[in-house]
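*Asks:* Got a file for you: target16.cif, mmCIF, C-alpha atoms and all ligand atoms.
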data_work
loop_
_atom_site.label_atom_id
_atom_site.label_comp_id
_atom_site.auth_asym_id
_atom_site.auth_seq_id
_atom_site.Cartn_x
_atom_site.Cartn_y
_atom_site.Cartn_z
CA MET I 1 0.00 0.00 0.00
CA SER I 2 1.39 3.44 -0.82
CA ARG I 3 1.99 5.74 2.11
CA SER I 4 -0.47 8.28 0.66
CA VAL I 5 -3.27 5.67 0.78
CA GLU I 6 -2.23 4.23 4.11
CA HIS I 7 -2.25 7.69 5.76
CA ALA I 8 -4.92 9.30 3.62
CA MET I 9 -6.16 11.41 6.53
CA ALA I 10 -2.81 12.30 8.12
CA PRO I 11 -1.07 15.53 7.12
CA GLU I 12 1.77 14.83 4.68
CA LYS I 13 5.30 14.80 6.01
CA ILE I 14 7.60 16.85 3.80
CA VAL I 15 11.38 16.59 3.62
CA ILE I 16 13.27 19.17 1.57
CA LEU I 17 16.92 18.91 0.54
CA THR I 18 18.50 22.19 -0.56
CA GLY I 19 21.77 22.96 -2.31
CA ALA I 20 23.75 25.93 -3.55
CA GLY I 21 21.16 26.76 -6.24
CA ILE I 22 18.68 28.03 -3.63
CA SER I 23 21.20 30.68 -2.51
CA ALA I 24 22.39 31.59 -6.04
CA GLU I 25 19.87 34.38 -6.52
CA SER I 26 20.92 35.85 -3.15
CA GLY I 27 24.36 36.33 -4.73
CA LEU I 28 26.31 33.28 -3.50
CA SER I 29 28.28 31.15 -5.96
CA THR I 30 27.30 27.56 -6.63
CA PHE I 31 30.00 24.87 -6.87
CA ARG I 32 29.65 23.12 -10.23
CA ASP I 33 28.20 25.76 -12.56
CA ALA I 34 30.64 27.20 -15.13
CA ASP I 35 31.45 30.17 -12.83
CA GLY I 36 31.17 28.04 -9.66
CA LEU I 37 33.61 27.72 -6.76
CA TRP I 38 35.07 24.42 -7.99
CA ALA I 39 36.06 26.11 -11.26
CA GLN I 40 38.26 28.50 -9.25
CA HIS I 41 39.54 26.24 -6.44
CA ARG I 42 40.55 22.60 -6.33
CA ILE I 43 38.54 20.55 -3.82
CA GLU I 44 41.73 18.82 -2.67
CA ASP I 45 43.32 22.21 -1.85
CA VAL I 46 40.52 23.64 0.30
CA ALA I 47 37.84 21.09 1.22
CA THR I 48 39.52 17.98 2.64
CA PRO I 49 41.06 17.18 6.05
CA GLU I 50 44.37 16.58 4.24
CA ALA I 51 44.29 20.11 2.79
CA PHE I 52 43.80 21.49 6.30
CA GLN I 53 46.75 19.47 7.66
CA ARG I 54 48.94 20.60 4.77
CA ASP I 55 48.02 24.28 4.51
CA PRO I 56 45.54 25.49 7.15
CA ALA I 57 46.04 29.15 6.17
CA ARG I 58 44.90 28.46 2.62
CA VAL I 59 41.82 26.57 3.83
CA HIS I 60 40.93 29.34 6.26
CA ALA I 61 41.40 32.00 3.55
CA PHE I 62 38.84 30.17 1.38
CA TYR I 63 36.24 29.87 4.14
CA ASN I 64 36.94 33.36 5.58
CA ALA I 65 36.12 34.80 2.14
CA ARG I 66 32.94 32.74 1.90
CA ARG I 67 31.87 33.72 5.42
CA ALA I 68 32.35 37.41 4.56
CA LYS I 69 30.32 37.03 1.35
CA ALA I 70 27.52 35.10 3.11
CA ALA I 71 27.27 37.88 5.71
CA GLU I 72 26.71 40.46 2.92
CA VAL I 73 23.72 38.78 1.27
CA MET I 74 20.08 38.27 2.24
CA PRO I 75 17.66 35.33 2.08
CA ASN I 76 15.59 35.32 -1.11
CA ALA I 77 11.99 34.47 -2.03
CA ALA I 78 12.75 30.73 -2.13
CA HIS I 79 14.12 30.70 1.45
CA HIS I 80 11.10 32.75 2.60
CA ALA I 81 8.65 30.42 0.84
CA LEU I 82 10.05 27.45 2.79
CA VAL I 83 9.54 29.36 6.05
CA ARG I 84 5.91 29.88 5.02
CA LEU I 85 5.57 26.16 4.25
CA GLU I 86 6.87 25.22 7.70
CA ALA I 87 4.52 27.73 9.38
CA GLU I 88 1.34 26.90 7.42
CA HIS I 89 1.57 23.22 6.46
CA PRO I 90 -0.20 21.07 9.08
CA GLY I 91 2.32 18.20 8.79
CA ALA I 92 6.02 18.04 9.63
CA VAL I 93 8.42 19.95 7.37
CA LEU I 94 12.16 19.25 7.65
CA ILE I 95 14.80 21.14 5.67
CA ILE I 96 18.09 19.35 5.14
CA THR I 97 20.56 21.78 3.65
CA GLN I 98 23.94 21.05 2.11
CA ASN I 99 24.61 24.78 2.24
CA VAL I 100 27.05 26.18 4.76
CA ASP I 101 25.54 29.69 4.54
CA ASP I 102 22.97 30.73 7.16
CA LEU I 103 20.23 31.98 4.81
CA HIS I 104 17.58 29.39 5.78
CA ALA I 105 18.09 30.20 9.47
CA ARG I 106 18.10 33.97 8.86
CA ALA I 107 14.87 33.66 6.84
CA GLY I 108 13.31 31.90 9.87
CA SER I 109 13.34 28.16 9.12
CA ARG I 110 13.45 26.22 12.39
CA ASN I 111 13.39 22.51 11.61
CA LEU I 112 16.72 22.62 9.82
CA VAL I 113 19.74 20.31 9.54
CA HIS I 114 23.04 21.67 8.20
CA MET I 115 24.38 18.34 6.98
CA HIS I 116 27.63 19.86 5.63
CA GLY I 117 28.20 22.15 8.62
CA ARG I 118 28.09 25.94 8.94
CA LEU I 119 30.39 28.80 7.98
CA MET I 120 29.32 30.58 11.15
CA GLY I 121 30.64 27.77 13.38
CA ALA I 122 34.17 27.06 14.64
CA LEU I 123 35.34 23.56 15.58
CA CYS I 124 38.43 22.49 17.52
CA HIS I 125 40.22 19.81 15.51
CA ALA I 126 41.84 18.58 18.76
CA CYS I 127 38.92 18.23 21.20
CA GLY I 128 35.75 18.66 19.11
CA HIS I 129 34.51 21.75 20.99
CA ARG I 130 32.26 24.07 18.93
CA TRP I 131 31.73 27.83 19.25
CA PRO I 132 30.49 30.73 17.07
CA ALA I 133 33.02 31.61 14.37
CA PRO I 134 34.52 35.10 14.41
CA PRO I 135 34.35 36.89 11.02
CA GLU I 136 37.96 35.89 10.32
CA MET I 137 39.37 32.63 11.63
CA HIS I 138 42.95 31.36 11.84
CA ALA I 139 44.22 27.90 12.73
CA THR I 140 46.25 29.45 15.54
CA ASP I 141 43.15 30.83 17.31
CA PRO I 142 43.13 28.97 20.65
CA CYS I 143 40.19 26.69 21.42
CA PRO I 144 38.12 28.22 24.26
CA ALA I 145 37.81 24.74 25.84
CA CYS I 146 41.26 23.09 25.52
CA SER I 147 43.48 25.96 24.23
CA ALA I 148 44.79 23.86 21.32
CA ALA I 149 45.71 25.96 18.29
CA GLN I 150 43.87 23.71 15.80
CA THR I 151 40.79 25.79 15.04
CA ARG I 152 38.93 24.85 11.88
CA PRO I 153 35.65 25.94 10.31
CA ASP I 154 32.75 23.67 11.34
CA ILE I 155 32.42 22.38 7.78
CA VAL I 156 32.07 18.74 6.72
CA TRP I 157 34.87 18.18 4.22
CA PHE I 158 35.16 15.50 1.54
CA GLY I 159 35.98 12.22 3.26
CA GLU I 160 34.19 13.22 6.50
CA THR I 161 30.80 12.05 7.76
CA PRO I 162 27.90 14.46 7.21
CA TYR I 163 25.98 15.68 10.25
CA GLY I 164 22.43 14.82 11.25
CA ALA I 165 21.95 11.20 10.07
CA GLU I 166 20.01 10.52 13.29
CA VAL I 167 17.40 13.09 12.17
CA ILE I 168 17.68 12.63 8.40
CA ASP I 169 17.32 8.84 8.14
CA PRO I 170 14.01 8.52 10.05
CA ALA I 171 12.63 11.62 8.29
CA LEU I 172 13.39 10.12 4.85
CA ALA I 173 11.76 6.86 5.90
CA ALA I 174 8.58 8.65 7.02
CA ALA I 175 8.40 11.25 4.21
CA ASP I 176 5.31 11.53 2.00
CA ILE I 177 6.96 14.18 -0.18
CA PHE I 178 10.69 14.60 -0.79
CA ALA I 179 11.78 17.73 -2.66
CA ALA I 180 15.31 18.58 -3.82
CA ILE I 181 15.89 22.25 -4.56
CA GLY I 182 18.97 23.77 -6.23
CA THR I 183 21.26 20.78 -5.99
CA SER I 184 23.10 19.06 -8.84
CA GLY I 185 22.84 15.54 -7.37
CA ASN I 186 26.58 14.87 -7.45
CA VAL I 187 27.57 14.60 -3.79
CA TYR I 188 26.69 11.60 -1.62
CA PRO I 189 24.99 10.73 0.62
CA ALA I 190 22.63 13.66 -0.22
CA ALA I 191 22.40 12.64 -3.88
CA ALA I 192 20.94 9.26 -2.84
CA TYR I 193 18.16 10.70 -0.66
CA ALA I 194 15.63 11.02 -3.52
CA GLN I 195 15.98 7.38 -4.54
CA HIS I 196 15.97 6.27 -0.91
CA ALA I 197 12.84 8.29 -0.03
CA ALA I 198 11.07 7.07 -3.20
CA ARG I 199 11.75 3.43 -2.35
CA LEU I 200 10.31 4.04 1.10
CA GLY I 201 7.11 5.54 -0.32
CA ALA I 202 7.65 9.27 -0.89
CA ARG I 203 6.64 11.24 -3.97
CA THR I 204 9.80 12.97 -5.21
CA VAL I 205 10.05 16.47 -6.67
CA GLN I 206 13.03 18.41 -8.05
CA ILE I 207 13.16 22.18 -8.45
CA ASN I 208 16.34 23.17 -10.26
CA LEU I 209 17.65 25.42 -13.01
CA GLU I 210 18.50 22.34 -15.07
CA PRO I 211 17.77 18.62 -14.63
CA ALA I 212 20.04 17.25 -11.89
CA SER I 213 22.41 14.29 -12.43
CA ASN I 214 19.93 12.09 -10.58
CA ALA I 215 16.91 13.47 -12.49
CA ARG I 216 15.51 9.96 -13.05
CA ASP I 217 14.88 9.64 -9.30
CA PHE I 218 12.16 12.32 -9.36
CA ASP I 219 8.46 11.84 -10.09
CA GLU I 220 8.01 15.55 -10.76
CA SER I 221 10.41 18.20 -12.16
CA HIS I 222 10.12 21.97 -12.09
CA ILE I 223 12.91 23.47 -14.17
CA GLY I 224 13.71 27.15 -13.63
CA PRO I 225 14.95 29.64 -11.02
CA ALA I 226 14.25 28.84 -7.38
CA THR I 227 12.91 32.32 -6.51
CA GLU I 228 10.10 31.83 -9.05
CA LEU I 229 9.38 28.13 -8.72
CA VAL I 230 9.71 27.48 -4.97
CA PRO I 231 7.01 30.03 -3.95
CA LYS I 232 4.70 28.53 -6.63
CA TRP I 233 5.34 24.99 -5.43
CA VAL I 234 4.72 26.00 -1.80
CA GLU I 235 1.48 27.70 -2.81
CA SER I 236 0.37 24.52 -4.63
CA ILE I 237 1.09 22.36 -1.56
CA LEU I 238 -0.76 24.73 0.78
CA ASN I 239 -3.78 24.97 -1.54
CA ARG I 240 -4.35 21.24 -1.91
P1 LIG I 301 26.18 22.44 -7.18
O1 LIG I 301 26.97 23.66 -7.55
O2 LIG I 301 26.77 21.14 -7.48
O3 LIG I 301 24.75 22.50 -7.89
C1 LIG I 301 23.93 23.62 -7.83
C2 LIG I 301 22.68 23.33 -8.65
O4 LIG I 301 21.84 24.46 -8.52
C3 LIG I 301 22.93 23.13 -10.15
O5 LIG I 301 22.27 21.94 -10.58
C4 LIG I 301 22.34 24.38 -10.80
O6 LIG I 301 21.72 24.09 -12.05
C5 LIG I 301 21.29 24.78 -9.78
N1 LIG I 301 20.98 26.21 -9.77
C6 LIG I 301 21.82 27.26 -10.02
N2 LIG I 301 21.16 28.42 -9.91
C7 LIG I 301 19.88 28.11 -9.58
C8 LIG I 301 18.69 28.88 -9.33
N3 LIG I 301 18.70 30.21 -9.38
N4 LIG I 301 17.55 28.22 -9.03
C9 LIG I 301 17.53 26.85 -8.98
N5 LIG I 301 18.60 26.08 -9.20
C10 LIG I 301 19.76 26.69 -9.50
O7 LIG I 301 25.81 22.60 -5.63
P2 LIG I 301 25.29 21.48 -4.61
O8 LIG I 301 24.47 20.46 -5.31
O9 LIG I 301 24.70 22.20 -3.47
O10 LIG I 301 29.94 20.23 -0.37
O11 LIG I 301 26.65 20.84 -4.15
C11 LIG I 301 26.64 19.84 -3.16
C12 LIG I 301 27.90 19.90 -2.35
O12 LIG I 301 29.04 19.88 -3.21
C13 LIG I 301 28.08 21.16 -1.54
O13 LIG I 301 27.40 21.14 -0.30
C14 LIG I 301 29.56 21.22 -1.34
C15 LIG I 301 29.99 20.86 -2.73
O14 LIG I 301 31.24 20.33 -2.89
C16 LIG I 301 31.08 20.39 0.34
O15 LIG I 301 31.81 21.35 0.23
C17 LIG I 301 31.34 19.27 1.29
#
As structure tokens, what does this structure read like?

*Replies:*
Amino acid sequence: MSRSVEHAMAPEKIVILTGAGISAESGLSTFRDADGLWAQHRIEDVATPEAFQRDPARVHAFYNARRAKAAEVMPNAAHHALVRLEAEHPGAVLIITQNVDDLHARAGSRNLVHMHGRLMGALCHACGHRWPAPPEMHATDPCPACSAAQTRPDIVWFGETPYGAEVIDPALAAADIFAAIGTSGNVYPAAAYAQHAARLGARTVQINLEPASNARDFDESHIGPATELVPKWVESILNR
């Protein structure tokens, strides 16, 4: 029996995965578009634990620049539409973001998992203590808990385990609707969530400027800019 039949009277549970495309119209670069961050920087120089061991100053320079840029921009109509969905939809709404900016939180989303970490967080590589990141971070900044000079941004790098599986896995299993917004479907485990949620009974939706690499995993596709299509999609869910 499909979950929609089984729970015909229960409010639908919605899980939304967002990526860099939802913040693009706020003015933040994506990763894999022609002018994206990975066209200007090599992942192995700035986004791996090995890069941090080798050249922490270079890694910090990359994330300090991104933190400064994120602080300059504002949430857009797509972020705001998801806040409205969470406030007005009678069922659970969870946002899983791969983004390290704070635009969902600044817009007002509450049920939010930053699976790839946050630019605005600092993490001690020695003891695991976390604290709010200053605008500019250096590896030599002492940890407030253990004083080690191994401060890193609280970002999940390639080769590390994403955050929030304890929230994400049960939410995917229970989801009636899974929507991926502004993500190219290239980075795992996030890229597998659509297929996983579909197998467990969810209807899957993508909203993206172009079909994602995992486009076949979606029942429904809305191709175009997030600031136009996300408010329309939210309206359609709320008016059902
Ligand atoms: P990508 O740069 O891979 O993909 C962004 C997607 O957004 C692309 O498919 C674009 O077509 C789409 N897009 C661009 N502008 C858009 C707009 N205005 N409206 C809607 N869609 C738009 O970024 P992610 O999929 O988020 O991880 O990348 C996933 C992860 O790879 C990131 O979290 C990061 C990166 O390496 C780490 O650094 C660990």

*Asks:* For Ile22 (chain I), list every protein, DNA or RNA residue within 10 Å, evaluated using all atoms listed in the file, and leave out those in the same chain fewer than 2 positions away; present the list as a PyMOL selection string.

*Replies:* chain I and resi 18-20+24-26+28+30+75-79+97+99+103-104+181-183+207-209+225-227+230

*Asks:* What separation in Å, quoted to one decimal, exists between CA of Lys232 (chain I) and atom N4 of ligand LIG 301 (chain I)?

*Replies:* 13.1 Å

*Asks:* Would you please work out which residue, of I:Val234, I:Ala215, I:Leu172, I:Val83, is nearest to ligand LIG 301 (chain I) when using all atoms listed in the file?

*Replies:*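 Among the listed residues, I:Ala215 lies closest to ligand LIG 301 (chain I).
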
*Asks:* For the atom pair CA of Ser213 (chain I) and CA of Ala51 (chain I), what is the interatomic distance in Å to one decimal place?

*Replies:* 27.3 Å

*Asks:* Report as a PDB file with C-alpha atoms, keeping the file's coordinate frame all protein, DNA and RNA residues lying within 9 Å of Met120 (chain I), evaluated on only C-alpha atoms, omitting residues in the same chain fewer than 4 positions from it.

*Replies:*
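After the write, around12.pdb holds the following:
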ATOM      1  CA  ARG I  67      31.870  33.720   5.420  1.00  0.00           C
ATOM      2  CA  VAL I 100      27.050  26.180   4.760  1.00  0.00           C
ATOM      3  CA  ASP I 101      25.540  29.690   4.540  1.00  0.00           C
ATOM      4  CA  ASP I 102      22.970  30.730   7.160  1.00  0.00           C
ATOM      5  CA  TRP I 131      31.730  27.830  19.250  1.00  0.00           C
ATOM      6  CA  PRO I 132      30.490  30.730  17.070  1.00  0.00           C
ATOM      7  CA  ALA I 133      33.020  31.610  14.370  1.00  0.00           C
ATOM      8  CA  PRO I 134      34.520  35.100  14.410  1.00  0.00           C
ATOM      9  CA  PRO I 135      34.350  36.890  11.020  1.00  0.00           C
ATOM     10  CA  PRO I 153      35.650  25.940  10.310  1.00  0.00           C
ATOM     11  CA  ASP I 154      32.750  23.670  11.340  1.00  0.00           C
TER      12      ASP I 154
END

*Asks:* Between I:Gln150, I:Gly27, I:Leu200, I:Arg130, which one has atoms that come closest to Phe52 (chain I), using all atoms listed in the file?

*Replies:* I:Gln150

*Asks:* Kindly write region 160-172 of chain I with all heavy atoms to a file, as a PDB file, in the first residue's frame.

*Replies:*
ATOM      1  N   GLU I 160      34.730  13.207   5.137  1.00  0.00           N
ATOM      2  CA  GLU I 160      34.195  13.217   6.497  1.00  0.00           C
ATOM      3  C   GLU I 160      32.708  12.834   6.483  1.00  0.00           C
ATOM      4  O   GLU I 160      32.063  12.841   5.429  1.00  0.00           O
ATOM      5  CB  GLU I 160      34.390  14.601   7.128  1.00  0.00           C
ATOM      6  CG  GLU I 160      35.870  14.942   7.252  1.00  0.00           C
ATOM      7  CD  GLU I 160      36.121  16.262   7.957  1.00  0.00           C
ATOM      8  OE1 GLU I 160      35.394  17.249   7.699  1.00  0.00           O
ATOM      9  OE2 GLU I 160      37.074  16.313   8.749  1.00  0.00           O
ATOM     10  N   THR I 161      32.193  12.522   7.667  1.00  0.00           N
ATOM     11  CA  THR I 161      30.799  12.053   7.761  1.00  0.00           C
ATOM     12  C   THR I 161      29.858  13.237   7.932  1.00  0.00           C
ATOM     13  O   THR I 161      30.032  14.031   8.858  1.00  0.00           O
ATOM     14  CB  THR I 161      30.655  11.115   8.981  1.00  0.00           C
ATOM     15  OG1 THR I 161      31.631  10.078   8.839  1.00  0.00           O
ATOM     16  CG2 THR I 161      29.265  10.508   9.039  1.00  0.00           C
ATOM     17  N   PRO I 162      28.858  13.361   7.050  1.00  0.00           N
ATOM     18  CA  PRO I 162      27.904  14.461   7.212  1.00  0.00           C
ATOM     19  C   PRO I 162      27.182  14.409   8.545  1.00  0.00           C
ATOM     20  O   PRO I 162      27.046  13.346   9.161  1.00  0.00           O
ATOM     21  CB  PRO I 162      26.927  14.253   6.053  1.00  0.00           C
ATOM     22  CG  PRO I 162      27.693  13.490   5.048  1.00  0.00           C
ATOM     23  CD  PRO I 162      28.619  12.597   5.828  1.00  0.00           C
ATOM     24  N   TYR I 163      26.707  15.553   8.981  1.00  0.00           N
ATOM     25  CA  TYR I 163      25.976  15.679  10.245  1.00  0.00           C
ATOM     26  C   TYR I 163      24.510  15.283  10.062  1.00  0.00           C
ATOM     27  O   TYR I 163      23.956  15.393   8.976  1.00  0.00           O
ATOM     28  CB  TYR I 163      26.004  17.134  10.725  1.00  0.00           C
ATOM     29  CG  TYR I 163      27.381  17.664  11.063  1.00  0.00           C
ATOM     30  CD1 TYR I 163      27.670  19.016  10.905  1.00  0.00           C
ATOM     31  CD2 TYR I 163      28.374  16.842  11.563  1.00  0.00           C
ATOM     32  CE1 TYR I 163      28.920  19.531  11.227  1.00  0.00           C
ATOM     33  CE2 TYR I 163      29.627  17.346  11.892  1.00  0.00           C
ATOM     34  CZ  TYR I 163      29.893  18.694  11.719  1.00  0.00           C
ATOM     35  OH  TYR I 163      31.128  19.198  12.034  1.00  0.00           O
ATOM     36  N   GLY I 164      23.892  14.884  11.169  1.00  0.00           N
ATOM     37  CA  GLY I 164      22.433  14.817  11.250  1.00  0.00           C
ATOM     38  C   GLY I 164      21.783  13.534  10.790  1.00  0.00           C
ATOM     39  O   GLY I 164      20.559  13.482  10.678  1.00  0.00           O
ATOM     40  N   ALA I 165      22.561  12.450  10.557  1.00  0.00           N
ATOM     41  CA  ALA I 165      21.948  11.203  10.069  1.00  0.00           C
ATOM     42  C   ALA I 165      20.847  10.724  11.010  1.00  0.00           C
ATOM     43  O   ALA I 165      19.850  10.142  10.569  1.00  0.00           O
ATOM     44  CB  ALA I 165      23.017  10.115   9.906  1.00  0.00           C
ATOM     45  N   GLU I 166      20.989  11.012  12.311  1.00  0.00           N
ATOM     46  CA  GLU I 166      20.005  10.520  13.293  1.00  0.00           C
ATOM     47  C   GLU I 166      18.646  11.204  13.101  1.00  0.00           C
ATOM     48  O   GLU I 166      17.615  10.670  13.489  1.00  0.00           O
ATOM     49  CB  GLU I 166      20.535  10.675  14.728  1.00  0.00           C
ATOM     50  CG  GLU I 166      20.705  12.092  15.250  1.00  0.00           C
ATOM     51  CD  GLU I 166      21.867  12.892  14.652  1.00  0.00           C
ATOM     52  OE1 GLU I 166      22.673  12.348  13.860  1.00  0.00           O
ATOM     53  OE2 GLU I 166      21.954  14.100  14.954  1.00  0.00           O
ATOM     54  N   VAL I 167      18.653  12.383  12.486  1.00  0.00           N
ATOM     55  CA  VAL I 167      17.399  13.091  12.169  1.00  0.00           C
ATOM     56  C   VAL I 167      16.976  12.778  10.729  1.00  0.00           C
ATOM     57  O   VAL I 167      15.802  12.554  10.428  1.00  0.00           O
ATOM     58  CB  VAL I 167      17.593  14.627  12.331  1.00  0.00           C
ATOM     59  CG1 VAL I 167      16.342  15.381  11.900  1.00  0.00           C
ATOM     60  CG2 VAL I 167      17.960  14.956  13.770  1.00  0.00           C
ATOM     61  N   ILE I 168      17.960  12.765   9.831  1.00  0.00           N
ATOM     62  CA  ILE I 168      17.685  12.633   8.400  1.00  0.00           C
ATOM     63  C   ILE I 168      17.115  11.253   8.058  1.00  0.00           C
ATOM     64  O   ILE I 168      16.103  11.149   7.344  1.00  0.00           O
ATOM     65  CB  ILE I 168      18.982  12.898   7.577  1.00  0.00           C
ATOM     66  CG1 ILE I 168      19.426  14.348   7.756  1.00  0.00           C
ATOM     67  CG2 ILE I 168      18.779  12.539   6.107  1.00  0.00           C
ATOM     68  CD1 ILE I 168      20.811  14.654   7.189  1.00  0.00           C
ATOM     69  N   ASP I 169      17.721  10.196   8.558  1.00  0.00           N
ATOM     70  CA  ASP I 169      17.321   8.843   8.141  1.00  0.00           C
ATOM     71  C   ASP I 169      15.867   8.530   8.494  1.00  0.00           C
ATOM     72  O   ASP I 169      15.097   8.110   7.624  1.00  0.00           O
ATOM     73  CB  ASP I 169      18.290   7.789   8.702  1.00  0.00           C
ATOM     74  CG  ASP I 169      19.672   7.912   8.067  1.00  0.00           C
ATOM     75  OD1 ASP I 169      19.788   8.627   7.052  1.00  0.00           O
ATOM     76  OD2 ASP I 169      20.624   7.307   8.586  1.00  0.00           O
ATOM     77  N   PRO I 170      15.431   8.777   9.759  1.00  0.00           N
ATOM     78  CA  PRO I 170      14.009   8.521  10.047  1.00  0.00           C
ATOM     79  C   PRO I 170      13.081   9.458   9.274  1.00  0.00           C
ATOM     80  O   PRO I 170      11.974   9.049   8.898  1.00  0.00           O
ATOM     81  CB  PRO I 170      13.890   8.729  11.558  1.00  0.00           C
ATOM     82  CG  PRO I 170      15.193   9.222  12.052  1.00  0.00           C
ATOM     83  CD  PRO I 170      16.204   9.080  10.974  1.00  0.00           C
ATOM     84  N   ALA I 171      13.499  10.680   9.025  1.00  0.00           N
ATOM     85  CA  ALA I 171      12.630  11.618   8.293  1.00  0.00           C
ATOM     86  C   ALA I 171      12.440  11.147   6.853  1.00  0.00           C
ATOM     87  O   ALA I 171      11.332  11.212   6.298  1.00  0.00           O
ATOM     88  CB  ALA I 171      13.221  13.027   8.325  1.00  0.00           C
ATOM     89  N   LEU I 172      13.521  10.637   6.229  1.00  0.00           N
ATOM     90  CA  LEU I 172      13.391  10.124   4.851  1.00  0.00           C
ATOM     91  C   LEU I 172      12.468   8.905   4.831  1.00  0.00           C
ATOM     92  O   LEU I 172      11.657   8.739   3.915  1.00  0.00           O
ATOM     93  CB  LEU I 172      14.758   9.734   4.282  1.00  0.00           C
ATOM     94  CG  LEU I 172      15.738  10.867   3.998  1.00  0.00           C
ATOM     95  CD1 LEU I 172      17.084  10.293   3.567  1.00  0.00           C
ATOM     96  CD2 LEU I 172      15.205  11.817   2.918  1.00  0.00           C
TER      97      LEU I 172
END
